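Text of work.cif, listed as mmCIF, C-alpha atoms:
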data_structure
loop_
_atom_site.label_atom_id
_atom_site.label_comp_id
_atom_site.auth_asym_id
_atom_site.auth_seq_id
_atom_site.Cartn_x
_atom_site.Cartn_y
_atom_site.Cartn_z
CA MET A 1 -22.58 57.90 180.32
CA LYS A 2 -20.50 56.41 177.59
CA LYS A 3 -21.42 52.83 178.65
CA ILE A 4 -25.14 53.68 178.79
CA GLY A 5 -24.95 55.15 175.26
CA ILE A 6 -23.43 51.96 173.89
CA GLN A 7 -26.13 49.82 175.54
CA LEU A 8 -28.88 52.00 174.05
CA ALA A 9 -27.35 51.71 170.57
CA VAL A 10 -27.25 47.91 170.84
CA LEU A 11 -30.88 47.83 172.03
CA VAL A 12 -32.03 50.04 169.12
CA ALA A 13 -30.19 47.78 166.65
CA LEU A 14 -31.83 44.66 168.11
CA LEU A 15 -35.30 46.23 167.97
CA SER A 16 -34.73 47.34 164.37
CA THR A 17 -33.66 43.84 163.36
CA ALA A 18 -36.74 42.31 165.04
CA ALA A 19 -39.00 44.81 163.24
CA CYS A 20 -37.43 43.95 159.86
CA ASP A 21 -37.87 40.24 160.50
CA LYS A 22 -41.55 40.84 161.32
CA GLU A 23 -42.02 42.85 158.12
CA ASN A 24 -40.42 40.06 156.07
CA ASP A 25 -42.70 37.36 157.49
CA ASP A 26 -45.26 37.94 154.72
CA LEU A 27 -42.78 38.32 151.87
CA VAL A 28 -42.67 35.58 149.17
CA LYS A 29 -39.59 34.94 147.10
CA PRO A 30 -40.25 35.52 143.38
CA LEU A 31 -40.55 32.41 141.28
CA THR A 32 -37.89 31.59 138.75
CA GLY A 33 -38.88 30.85 135.14
CA ASP A 34 -38.87 27.08 135.63
CA GLN A 35 -41.22 27.32 138.61
CA PHE A 36 -44.12 28.84 136.72
CA PRO A 37 -46.84 26.38 135.66
CA GLN A 38 -46.48 24.96 132.17
CA VAL A 39 -49.33 26.03 129.92
CA VAL A 40 -50.88 23.89 127.17
CA VAL A 41 -52.31 25.96 124.31
CA LEU A 42 -53.79 25.60 120.84
CA SER A 43 -50.93 26.19 118.41
CA ASP A 44 -53.08 27.96 115.81
CA LYS A 45 -56.30 29.95 115.56
CA GLY A 46 -57.72 28.17 112.56
CA ASP A 47 -57.52 26.40 109.25
CA GLY A 48 -59.67 25.56 106.26
CA GLY A 49 -59.98 23.00 103.51
CA LEU A 50 -62.05 22.24 100.43
CA GLU A 51 -65.39 20.51 100.88
CA ASP A 52 -64.11 17.17 99.52
CA GLU A 53 -61.24 16.92 102.05
CA ASP A 54 -61.25 13.65 103.99
CA ALA A 55 -59.36 14.92 107.06
CA PHE A 56 -58.23 17.97 108.99
CA SER A 57 -56.15 18.46 112.11
CA PHE A 58 -55.27 20.81 114.92
CA LYS A 59 -52.30 20.90 117.31
CA ILE A 60 -51.88 21.44 121.03
CA THR A 61 -48.50 22.57 122.30
CA LEU A 62 -46.60 23.74 125.34
CA SER A 63 -46.23 27.50 125.39
CA ASP A 64 -42.93 29.27 125.95
CA ARG A 65 -42.02 29.91 129.55
CA VAL A 66 -42.88 33.38 130.88
CA GLY A 67 -41.41 35.29 133.75
CA SER A 68 -43.13 37.21 136.56
CA ALA A 69 -43.47 40.23 134.26
CA GLY A 70 -45.33 38.13 131.69
CA LYS A 71 -42.49 38.19 129.17
CA GLU A 72 -41.32 35.13 127.27
CA LEU A 73 -38.00 33.77 128.47
CA GLY A 74 -36.27 33.67 125.12
CA GLY A 75 -38.61 31.13 123.56
CA LYS A 76 -37.65 28.48 126.12
CA VAL A 77 -39.97 25.46 126.16
CA VAL A 78 -39.67 23.15 129.16
CA HIS A 79 -40.91 19.65 128.35
CA LEU A 80 -43.19 17.78 130.71
CA LYS A 81 -41.52 15.36 133.11
CA GLU A 82 -44.73 13.35 133.32
CA ALA A 83 -47.47 12.78 130.74
CA VAL A 84 -50.73 14.70 131.19
CA GLN A 85 -54.20 14.23 129.79
CA VAL A 86 -55.62 17.26 128.01
CA ASN A 87 -59.36 17.57 127.54
CA PHE A 88 -60.93 19.29 124.52
CA LYS A 89 -64.31 19.67 122.89
CA VAL A 90 -66.08 20.74 119.72
CA ALA A 91 -67.55 23.89 121.22
CA SER A 92 -69.80 24.80 118.28
CA PHE A 93 -70.54 23.92 114.68
CA LYS A 94 -72.54 25.22 111.71
CA GLY A 95 -73.81 23.78 108.45
CA PHE A 96 -74.60 20.24 109.60
CA SER A 97 -77.03 18.62 112.02
CA LYS A 98 -74.74 16.70 114.37
CA ILE A 99 -71.03 16.16 114.86
CA ALA A 100 -71.19 12.46 113.98
CA ASP A 101 -72.50 13.36 110.52
CA TYR A 102 -69.14 14.96 109.70
CA ILE A 103 -66.46 13.57 112.02
CA LYS A 104 -65.96 9.82 111.73
CA GLY A 105 -62.96 9.29 113.99
CA ALA A 106 -59.71 10.71 115.31
CA GLU A 107 -56.09 9.81 115.97
CA ALA A 108 -53.16 11.57 117.62
CA PHE A 109 -49.45 11.63 116.87
CA TYR A 110 -46.39 13.80 117.32
CA GLU A 111 -43.40 14.72 115.18
CA ILE A 112 -40.11 13.02 115.98
CA ASP A 113 -38.17 14.82 113.25
CA ASP A 114 -38.90 16.44 109.87
CA CYS A 115 -39.36 13.02 108.27
CA THR A 116 -40.81 10.85 111.06
CA THR A 117 -43.87 10.85 113.32
CA SER A 118 -44.77 8.70 116.29
CA ALA A 119 -47.25 6.84 114.06
CA ASP A 120 -44.40 5.88 111.70
CA LYS A 121 -42.64 4.26 114.65
CA GLY A 122 -45.76 2.48 115.88
CA ILE A 123 -45.96 4.66 119.01
CA VAL A 124 -49.55 5.02 120.20
CA VAL A 125 -50.62 8.38 121.60
CA PRO A 126 -53.71 7.67 123.76
CA LEU A 127 -56.77 9.49 122.47
CA GLN A 128 -60.46 9.18 123.21
CA PHE A 129 -63.05 11.11 121.21
CA ASP A 130 -66.83 10.83 121.43
CA VAL A 131 -68.26 11.66 118.00
CA ASN A 132 -71.72 12.05 119.51
CA ASN A 133 -71.04 14.86 121.97
CA GLY A 134 -67.73 16.11 120.57
CA THR A 135 -65.64 15.71 123.72
CA GLY A 136 -62.18 14.19 123.80
CA THR A 137 -59.05 13.52 125.82
CA VAL A 138 -55.53 13.22 124.46
CA THR A 139 -52.28 12.40 126.24
CA LEU A 140 -49.42 14.86 125.90
CA PRO A 141 -46.43 12.59 126.57
CA ALA A 142 -43.45 13.48 128.73
CA GLY A 143 -40.66 15.03 126.69
CA VAL A 144 -42.97 15.98 123.81
CA GLU A 145 -43.62 19.62 122.91
CA GLU A 146 -46.59 19.25 120.54
CA VAL A 147 -49.29 16.72 119.67
CA GLU A 148 -51.40 16.79 116.51
CA ILE A 149 -54.97 15.49 116.49
CA GLU A 150 -56.32 14.49 113.09
CA PHE A 151 -60.02 14.02 112.42
CA GLU A 152 -61.29 11.70 109.73
CA VAL A 153 -64.29 13.41 108.13
CA ASP A 154 -67.01 12.50 105.64
CA GLU A 155 -65.68 13.82 102.33
CA ASP A 156 -69.11 13.43 100.68
CA LEU A 157 -71.18 15.40 103.20
CA PHE A 158 -70.56 18.83 101.64
CA ASP A 159 -69.20 17.87 98.22
CA ASP A 160 -71.72 19.04 95.62
CA ALA A 161 -71.86 21.10 92.43
CA VAL A 162 -73.72 23.98 94.09
CA PHE A 163 -72.14 27.20 95.37
CA ASN A 164 -72.99 27.43 99.07
CA THR A 165 -73.08 30.78 100.83
CA LYS A 166 -73.85 29.44 104.33
CA LYS A 167 -70.98 28.74 106.72
CA ARG A 168 -69.83 25.16 107.26
CA GLU A 169 -67.44 25.23 110.21
CA LEU A 170 -66.63 23.97 113.69
CA THR A 171 -64.79 25.40 116.68
CA ILE A 172 -62.55 23.52 119.12
CA GLN A 173 -61.48 24.58 122.61
CA LEU A 174 -59.33 23.05 125.34
CA THR A 175 -61.32 22.42 128.52
CA GLY A 176 -58.87 21.26 131.17
CA ILE A 177 -56.36 18.75 132.49
CA GLY A 178 -57.44 15.20 133.22
CA THR A 179 -55.84 15.17 136.69
CA ASN A 180 -55.24 17.86 139.26
CA ASN A 181 -51.76 19.13 138.47
CA SER A 182 -50.85 22.60 139.68
CA GLN A 183 -47.75 22.58 137.49
CA VAL A 184 -49.71 22.25 134.23
CA GLN A 185 -52.59 24.45 133.08
CA VAL A 186 -54.50 24.90 129.83
CA ASN A 187 -55.64 27.99 127.99
CA LYS A 188 -59.43 27.54 127.93
CA THR A 189 -60.23 30.80 126.16
CA ALA A 190 -58.43 30.30 122.83
CA LYS A 191 -60.39 28.79 119.91
CA PHE A 192 -59.43 26.85 116.81
CA LYS A 193 -61.90 27.23 113.93
CA TYR A 194 -61.96 24.91 110.92
CA GLU A 195 -63.81 26.21 107.85
CA VAL A 196 -65.11 24.06 105.01
CA GLN A 197 -64.43 25.93 101.76
CA ASP A 198 -66.57 25.63 98.66
CA ASP A 199 -64.62 24.74 95.51
CA GLU A 200 -67.41 26.18 93.36
CA GLY A 201 -66.27 29.55 94.69
CA ILE A 202 -62.89 31.26 94.77
CA TYR A 203 -61.08 28.56 96.78
CA GLY A 204 -58.97 25.94 95.07
CA GLU A 205 -56.37 25.74 92.31
CA TRP A 206 -56.75 27.77 89.11
CA THR A 207 -54.62 27.26 86.00
CA LEU A 208 -53.36 29.94 83.62
CA ASP A 209 -52.77 29.01 79.96
CA HIS A 210 -49.13 30.04 79.60
CA THR A 211 -49.18 29.05 75.92
CA ASP A 212 -51.48 32.02 75.33
CA ALA A 213 -48.96 34.80 74.63
CA ALA A 214 -51.18 37.61 75.92
CA ALA A 215 -52.12 35.75 79.10
CA PHE A 216 -48.49 34.84 79.77
CA ALA A 217 -47.34 38.44 79.24
CA HIS A 218 -50.01 39.74 81.63
CA PHE A 219 -48.98 37.21 84.28
CA LYS A 220 -45.31 38.21 83.99
CA GLU A 221 -46.16 41.90 84.19
CA LEU A 222 -48.27 41.39 87.30
CA PHE A 223 -46.13 39.02 89.36
CA GLY A 224 -42.78 39.99 87.84
CA LEU A 225 -43.18 43.11 89.97
CA VAL A 226 -42.08 41.13 93.05
CA ASN A 227 -40.06 38.33 91.45
CA ALA A 228 -37.33 38.91 88.86
CA ASP A 229 -37.28 35.23 87.85
CA ILE A 230 -40.91 35.47 86.78
CA LYS A 231 -40.25 38.73 84.96
CA ASP A 232 -37.56 37.05 82.82
CA LEU A 233 -39.47 33.82 82.08
CA ARG A 234 -39.94 32.37 78.61
CA ALA A 235 -43.08 30.36 77.86
CA ALA A 236 -40.90 27.53 76.53
CA ASP A 237 -39.36 27.14 80.02
CA VAL A 238 -42.70 26.72 81.77
CA LYS A 239 -44.57 23.49 82.46
CA GLU A 240 -47.53 24.94 84.39
CA ILE A 241 -48.76 28.11 86.10
CA THR A 242 -51.36 28.00 88.85
CA LEU A 243 -52.94 30.36 91.34
CA GLU A 244 -53.95 28.66 94.58
CA VAL A 245 -56.46 30.32 96.89
CA GLU A 246 -56.28 28.67 100.30
CA PHE A 247 -57.18 29.45 103.88
CA GLU A 248 -55.97 33.03 104.47
CA GLU A 249 -53.37 32.67 101.69
CA VAL A 250 -52.83 33.08 97.95
CA LYS A 251 -49.99 31.33 96.13
CA ALA A 252 -48.81 31.98 92.58
CA VAL A 253 -46.90 28.87 91.49
CA VAL A 254 -44.78 28.49 88.35
CA VAL A 255 -43.62 24.93 87.63
CA LEU A 256 -40.62 24.92 85.30
CA LYS A 257 -39.58 22.24 82.85
CA ALA A 258 -36.10 22.25 84.37
CA THR A 259 -35.50 19.65 87.08
CA GLU A 260 -33.28 19.31 90.13
CA GLN A 261 -32.17 16.54 92.49
CA VAL A 262 -33.77 16.85 95.92
CA ASN A 263 -32.95 14.89 99.07
CA ASP A 264 -36.38 13.92 100.38
CA CYS A 265 -35.91 12.30 103.80
CA GLY A 266 -32.91 10.28 102.69
CA LYS A 267 -34.21 9.51 99.21
CA VAL A 268 -32.89 11.47 96.26
CA LYS A 269 -35.73 12.42 93.93
CA THR A 270 -35.91 14.31 90.66
CA LYS A 271 -38.37 17.18 90.87
CA TYR A 272 -39.37 20.10 88.69
CA LYS A 273 -38.03 23.47 89.80
CA VAL A 274 -40.68 25.79 91.17
CA ILE A 275 -41.03 29.56 91.55
CA GLU A 276 -43.55 30.47 94.22
CA ILE A 277 -45.01 33.69 95.58
CA GLU A 278 -46.98 33.45 98.83
CA ALA A 279 -49.14 36.22 100.21
CA GLU A 280 -51.58 36.65 103.07
CA ILE A 281 -55.20 37.42 102.21
CA GLU A 282 -56.22 40.83 103.53
CA GLU A 283 -59.69 40.99 102.01
CA LEU A 284 -61.82 38.42 100.16
CA ASP A 285 -65.53 38.18 99.45
CA ASP A 286 -65.44 34.39 99.62
CA ASP A 287 -69.21 34.07 100.05
CA LYS A 288 -69.78 35.49 96.55
CA LEU A 289 -69.00 34.52 92.97
CA ALA A 290 -67.81 38.08 92.34
CA GLY A 291 -66.28 40.55 94.75
CA ASP A 292 -63.22 42.29 96.13
CA MET A 293 -59.85 40.72 96.70
CA GLU A 294 -56.62 41.92 98.31
CA PHE A 295 -53.50 40.03 99.33
CA GLY A 296 -49.94 40.97 100.22
CA GLU A 297 -46.77 40.15 102.13
CA ARG A 298 -43.35 41.39 103.17
CA LEU A 299 -40.69 40.73 100.56
CA GLU A 300 -37.15 40.05 101.76
CA LEU A 301 -34.49 41.59 99.55
CA LYS A 302 -30.93 40.43 98.90
CA ASN A 303 -29.52 43.08 101.25
CA ASP A 304 -31.68 41.64 104.10
CA SER A 305 -34.06 44.60 104.03
CA PHE A 306 -37.80 44.28 103.49
CA LYS A 307 -40.44 45.80 101.23
CA GLU A 308 -44.20 45.46 101.42
CA PHE A 309 -46.14 44.36 98.36
CA LYS A 310 -49.84 43.97 97.75
CA TYR A 311 -52.29 43.10 95.00
CA ALA A 312 -55.78 44.58 95.12
CA GLY A 313 -58.80 44.48 92.86
CA SER A 314 -61.69 42.16 92.12
CA PHE A 315 -62.59 38.68 90.90
CA LYS A 316 -65.46 37.14 88.98
CA ILE A 317 -66.28 33.44 88.57
CA THR A 318 -68.29 32.19 85.61
CA GLY A 319 -68.62 28.44 85.46
CA SER A 320 -65.11 27.01 85.59
CA LYS A 321 -63.41 30.32 84.72
CA LEU A 322 -61.95 32.90 87.08
CA GLU A 323 -61.33 36.47 85.94
CA LEU A 324 -59.01 38.57 88.10
CA GLU A 325 -58.64 42.32 87.74
CA LEU A 326 -55.68 43.37 89.88
CA GLU A 327 -53.17 46.13 90.45
CA GLY A 328 -49.79 45.33 91.97
CA GLU A 329 -47.85 47.64 94.27
CA LEU A 330 -44.31 47.34 95.64
CA ASP A 331 -43.39 50.50 97.53
CA ASP A 332 -43.48 53.22 94.86
CA ASP A 333 -43.60 50.77 91.94
CA LYS A 334 -47.05 49.97 90.61
CA THR A 335 -48.54 48.01 87.74
CA ALA A 336 -51.44 49.05 85.60
CA THR A 337 -54.76 47.29 86.12
CA ILE A 338 -54.20 43.82 84.68
CA VAL A 339 -56.80 41.19 83.80
CA LEU A 340 -55.96 37.49 84.13
CA THR A 341 -58.25 34.66 83.11
CA LEU A 342 -57.72 31.25 84.72
CA GLU A 343 -59.60 27.97 84.68
CA LYS A 344 -60.29 25.31 87.29
#
Take the structure in the file and give it back as structure tokens.
Amino acid sequence: MKKIGIQLAVLVALLSTAACDKENDDLVKPLTGDQFPQVVVLSDKGDGGLEDEDAFSFKITLSDRVGSAGKELGGKVVHLKEAVQVNFKVASFKGFSKIADYIKGAEAFYEIDDCTTSADKGIVVPLQFDVNNGTGTVTLPAGVEEVEIEFEVDEDLFDDAVFNTKKRELTIQLTGIGTNNSQVQVNKTAKFKYEVQDDEGIYGEWTLDHTDAAAFAHFKELFGLVNADIKDLRAADVKEITLEVEFEEVKAVVVLKATEQVNDCGKVKTKYKVIEIEAEIEELDDDKLAGDMEFGERLELKNDSFKEFKYAGSFKITGSKLELELEGELDDDKTATIVLTLEK
């Protein structure tokens, strides 16, 4: 009886092992991070420039690796071992009759370091672009993380002295890979939109007369709220004050008379010192000559903490003059309603 019991136990163990092996036949080992396909994406959602700009660009890049749970693997970017061709197209456009009326040509390049591009080294990045139907193909080289495509555009097409309320814009999408490559895919759903901005409206650079004592005091009261250096400025120390309204951003720039030595890509240059406040546009009636305006940002403090600031109010453009009526807010600190007058 004891021998029979042992034989039965062995038989049960063998049957159990066979059953487990059968269950495991359909199991697939999970992929590691490096085995997931590399994905080529648009690096940004959009940009904009004034109507007399002669060029604009967009970038395509390799996305960070993701794991099976869809989470980024610590920002790791795995470069391509072989070059791939990436197809793209101008998916839509407004404000002009045909693509060739605006886009004149295109070139591609990539950044080697902060001071050098492939074009500087005479390295050609293959690019084909049909200005008639708006389709193109660019090569993303092996070992390169990001390629920039720059379009040469007709700077005279939209440049006039009339304020235009209709949209002038175009949208670009990636459409695929030039060859069948299961290890590289593209994001076909994302869009990059370029907007042509009218410099008869709010966009562009506006100058404040810092020699006007009242205007200078108002500027310091408004922007000194978030920058102590501006709060303590003397007019005699200032060379120029401008307010720049750009794509999704407002910059208050104070150029000082004091200079400093700056290493600019190996060349030491003398430049004026600059105080700059950058903020993201939250609201802007950019299709009007008068309307609402709001912009703000997170301000990093010396103790590595952060505070939110914002400026909200309205603007009015009359000829070459811009009148801003704004209130500033930094946590519990607020300014009164302050009026600034600037000129383009």
Report as a list in words the residues that result from applying the PyMOL selection byres ((chain A and resi 104) around 6) to the structure here.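 Applying the expression gives Ile103, Gly105, Glu152 and Val153 of chain A.
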What would the selection look like, as a PyMOL selection string, if the PyMOL selection byres ((chain A and resi 256-272) around 12) were run on the coordinates I just shared? chain A and resi 113-116+210+229-230+233-242+253-255+273-276
Around the point (-60.9, 27.7, 87.9) in the file's coordinates, collect all residues with an atom within 12 Å, using only C-alpha atoms, and return them as an MDAnalysis selection string. chainID A and resid 199:209 242:245 289 315:324 340:344
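Of note, CA of Thr175 in chain A and CA of Ser118 in chain A are spaced 24.7 Å apart.
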From the set A:Phe151, A:Phe96, A:Tyr311, A:Tyr194, which residue has the shortest atom-to-atom contact distance to Ile172 in chain A, counting all atoms listed in the file?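 That would be A:Tyr194, the residue with the smallest distance to Ile172 in chain A.
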Contacts of Leu301 in chain A at 12 Å or less, counting all atoms listed in the file, minus same-chain residues fewer than 5 places along, as a PDB file with C-alpha atoms, in the frame of the given file?
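What ended up in part-v1.pdb:
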ATOM      1  CA  VAL A 226     -42.080  41.130  93.050  1.00  0.00           C
ATOM      2  CA  ASN A 227     -40.060  38.330  91.450  1.00  0.00           C
ATOM      3  CA  ALA A 228     -37.330  38.910  88.860  1.00  0.00           C
ATOM      4  CA  PHE A 306     -37.800  44.280 103.490  1.00  0.00           C
ATOM      5  CA  LYS A 307     -40.440  45.800 101.230  1.00  0.00           C
ATOM      6  CA  GLU A 308     -44.200  45.460 101.420  1.00  0.00           C
TER       7      GLU A 308
END
Distance CA of Asp292 in chain A-CA of Asp160 in chain A, one decimal place?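 Spanning CA of Asp292 in chain A to CA of Asp160 in chain A is a straight-line distance of 24.8 Å.
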Residues of range 132-237 of chain A within 7 Å of range 81-88 of chain A: nearest atom pair and distance (Å, one decimal) for each, counting all atoms listed in the file, sorted by chain and number, as JSON lines?
{"residue": "A:Thr135", "atom": "CA", "partner": "A:Phe88", "partner_atom": "CA", "distance": 6.0}
{"residue": "A:Gly136", "atom": "CA", "partner": "A:Phe88", "partner_atom": "CA", "distance": 5.3}
{"residue": "A:Thr137", "atom": "CA", "partner": "A:Asn87", "partner_atom": "CA", "distance": 4.4}
{"residue": "A:Val138", "atom": "CA", "partner": "A:Val86", "partner_atom": "CA", "distance": 5.4}
{"residue": "A:Thr139", "atom": "CA", "partner": "A:Gln85", "partner_atom": "CA", "distance": 4.4}
{"residue": "A:Leu140", "atom": "CA", "partner": "A:Val84", "partner_atom": "CA", "distance": 5.5}
{"residue": "A:Pro141", "atom": "CA", "partner": "A:Ala83", "partner_atom": "CA", "distance": 4.3}
{"residue": "A:Ala142", "atom": "CA", "partner": "A:Ala83", "partner_atom": "CA", "distance": 4.5}
{"residue": "A:Gly143", "atom": "CA", "partner": "A:Lys81", "partner_atom": "CA", "distance": 6.5}
{"residue": "A:Gln173", "atom": "CA", "partner": "A:Phe88", "partner_atom": "CA", "distance": 5.7}
{"residue": "A:Leu174", "atom": "CA", "partner": "A:Phe88", "partner_atom": "CA", "distance": 4.2}
{"residue": "A:Thr175", "atom": "CA", "partner": "A:Phe88", "partner_atom": "CA", "distance": 5.1}
{"residue": "A:Gly176", "atom": "CA", "partner": "A:Asn87", "partner_atom": "CA", "distance": 5.2}
{"residue": "A:Ile177", "atom": "CA", "partner": "A:Val86", "partner_atom": "CA", "distance": 4.8}
{"residue": "A:Gly178", "atom": "CA", "partner": "A:Gln85", "partner_atom": "CA", "distance": 4.8}
Result set of the PyMOL selection byres ((chain A and resi 326-333) around 8) on the coordinates above, as a PyMOL selection string: chain A and resi 222-223+225-226+307-314+324-325+334-339
Include C-alpha atoms and write out the residues we just selected as an mmCIF file, keeping the file's coordinate frame.
data_model
loop_
_atom_site.group_PDB
_atom_site.id
_atom_site.type_symbol
_atom_site.label_atom_id
_atom_site.label_comp_id
_atom_site.auth_asym_id
_atom_site.auth_seq_id
_atom_site.Cartn_x
_atom_site.Cartn_y
_atom_site.Cartn_z
ATOM 1 C CA LEU A 222 -48.270 41.390 87.300
ATOM 2 C CA PHE A 223 -46.130 39.020 89.360
ATOM 3 C CA LEU A 225 -43.180 43.110 89.970
ATOM 4 C CA VAL A 226 -42.080 41.130 93.050
ATOM 5 C CA LYS A 307 -40.440 45.800 101.230
ATOM 6 C CA GLU A 308 -44.200 45.460 101.420
ATOM 7 C CA PHE A 309 -46.140 44.360 98.360
ATOM 8 C CA LYS A 310 -49.840 43.970 97.750
ATOM 9 C CA TYR A 311 -52.290 43.100 95.000
ATOM 10 C CA ALA A 312 -55.780 44.580 95.120
ATOM 11 C CA GLY A 313 -58.800 44.480 92.860
ATOM 12 C CA SER A 314 -61.690 42.160 92.120
ATOM 13 C CA LEU A 324 -59.010 38.570 88.100
ATOM 14 C CA GLU A 325 -58.640 42.320 87.740
ATOM 15 C CA LYS A 334 -47.050 49.970 90.610
ATOM 16 C CA THR A 335 -48.540 48.010 87.740
ATOM 17 C CA ALA A 336 -51.440 49.050 85.600
ATOM 18 C CA THR A 337 -54.760 47.290 86.120
ATOM 19 C CA ILE A 338 -54.200 43.820 84.680
ATOM 20 C CA VAL A 339 -56.800 41.190 83.800
#
Could you give me range 84-99 of chain A completed to N, CA and C atoms, formatted as a PDB file, in the coordinates of the input?
ATOM      1  N   VAL A  84     -49.463  14.170 130.687  1.00  0.00           N
ATOM      2  CA  VAL A  84     -50.730  14.700 131.190  1.00  0.00           C
ATOM      3  C   VAL A  84     -51.827  14.468 130.165  1.00  0.00           C
ATOM      4  N   GLN A  85     -53.043  14.344 130.660  1.00  0.00           N
ATOM      5  CA  GLN A  85     -54.200  14.230 129.790  1.00  0.00           C
ATOM      6  C   GLN A  85     -54.807  15.607 129.586  1.00  0.00           C
ATOM      7  N   VAL A  86     -55.033  15.960 128.337  1.00  0.00           N
ATOM      8  CA  VAL A  86     -55.620  17.260 128.010  1.00  0.00           C
ATOM      9  C   VAL A  86     -57.007  17.033 127.425  1.00  0.00           C
ATOM     10  N   ASN A  87     -57.986  17.701 128.004  1.00  0.00           N
ATOM     11  CA  ASN A  87     -59.360  17.570 127.540  1.00  0.00           C
ATOM     12  C   ASN A  87     -59.698  18.663 126.538  1.00  0.00           C
ATOM     13  N   PHE A  88     -60.504  18.325 125.530  1.00  0.00           N
ATOM     14  CA  PHE A  88     -60.930  19.290 124.520  1.00  0.00           C
ATOM     15  C   PHE A  88     -62.352  18.975 124.089  1.00  0.00           C
ATOM     16  N   LYS A  89     -62.946  19.898 123.355  1.00  0.00           N
ATOM     17  CA  LYS A  89     -64.310  19.670 122.890  1.00  0.00           C
ATOM     18  C   LYS A  89     -64.576  20.453 121.606  1.00  0.00           C
ATOM     19  N   VAL A  90     -65.522  19.966 120.833  1.00  0.00           N
ATOM     20  CA  VAL A  90     -66.080  20.740 119.720  1.00  0.00           C
ATOM     21  C   VAL A  90     -67.101  21.676 120.344  1.00  0.00           C
ATOM     22  N   ALA A  91     -66.722  22.941 120.475  1.00  0.00           N
ATOM     23  CA  ALA A  91     -67.550  23.890 121.220  1.00  0.00           C
ATOM     24  C   ALA A  91     -68.783  24.327 120.442  1.00  0.00           C
ATOM     25  N   SER A  92     -68.665  24.380 119.111  1.00  0.00           N
ATOM     26  CA  SER A  92     -69.800  24.800 118.280  1.00  0.00           C
ATOM     27  C   SER A  92     -69.579  24.336 116.856  1.00  0.00           C
ATOM     28  N   PHE A  93     -70.651  24.283 116.086  1.00  0.00           N
ATOM     29  CA  PHE A  93     -70.540  23.920 114.680  1.00  0.00           C
ATOM     30  C   PHE A  93     -71.720  24.494 113.907  1.00  0.00           C
ATOM     31  N   LYS A  94     -71.504  24.687 112.598  1.00  0.00           N
ATOM     32  CA  LYS A  94     -72.540  25.220 111.710  1.00  0.00           C
ATOM     33  C   LYS A  94     -72.542  24.434 110.400  1.00  0.00           C
ATOM     34  N   GLY A  95     -73.710  24.350 109.792  1.00  0.00           N
ATOM     35  CA  GLY A  95     -73.810  23.780 108.450  1.00  0.00           C
ATOM     36  C   GLY A  95     -74.133  22.309 108.402  1.00  0.00           C
ATOM     37  N   PHE A  96     -74.200  21.643 109.565  1.00  0.00           N
ATOM     38  CA  PHE A  96     -74.600  20.240 109.600  1.00  0.00           C
ATOM     39  C   PHE A  96     -75.329  19.966 110.903  1.00  0.00           C
ATOM     40  N   SER A  97     -76.095  18.866 110.927  1.00  0.00           N
ATOM     41  CA  SER A  97     -77.030  18.620 112.020  1.00  0.00           C
ATOM     42  C   SER A  97     -76.348  18.142 113.299  1.00  0.00           C
ATOM     43  N   LYS A  98     -75.419  17.212 113.181  1.00  0.00           N
ATOM     44  CA  LYS A  98     -74.740  16.700 114.370  1.00  0.00           C
ATOM     45  C   LYS A  98     -73.299  16.350 114.034  1.00  0.00           C
ATOM     46  N   ILE A  99     -72.460  16.351 115.060  1.00  0.00           N
ATOM     47  CA  ILE A  99     -71.030  16.160 114.860  1.00  0.00           C
ATOM     48  C   ILE A  99     -70.722  14.846 114.168  1.00  0.00           C
TER      49      ILE A  99
END
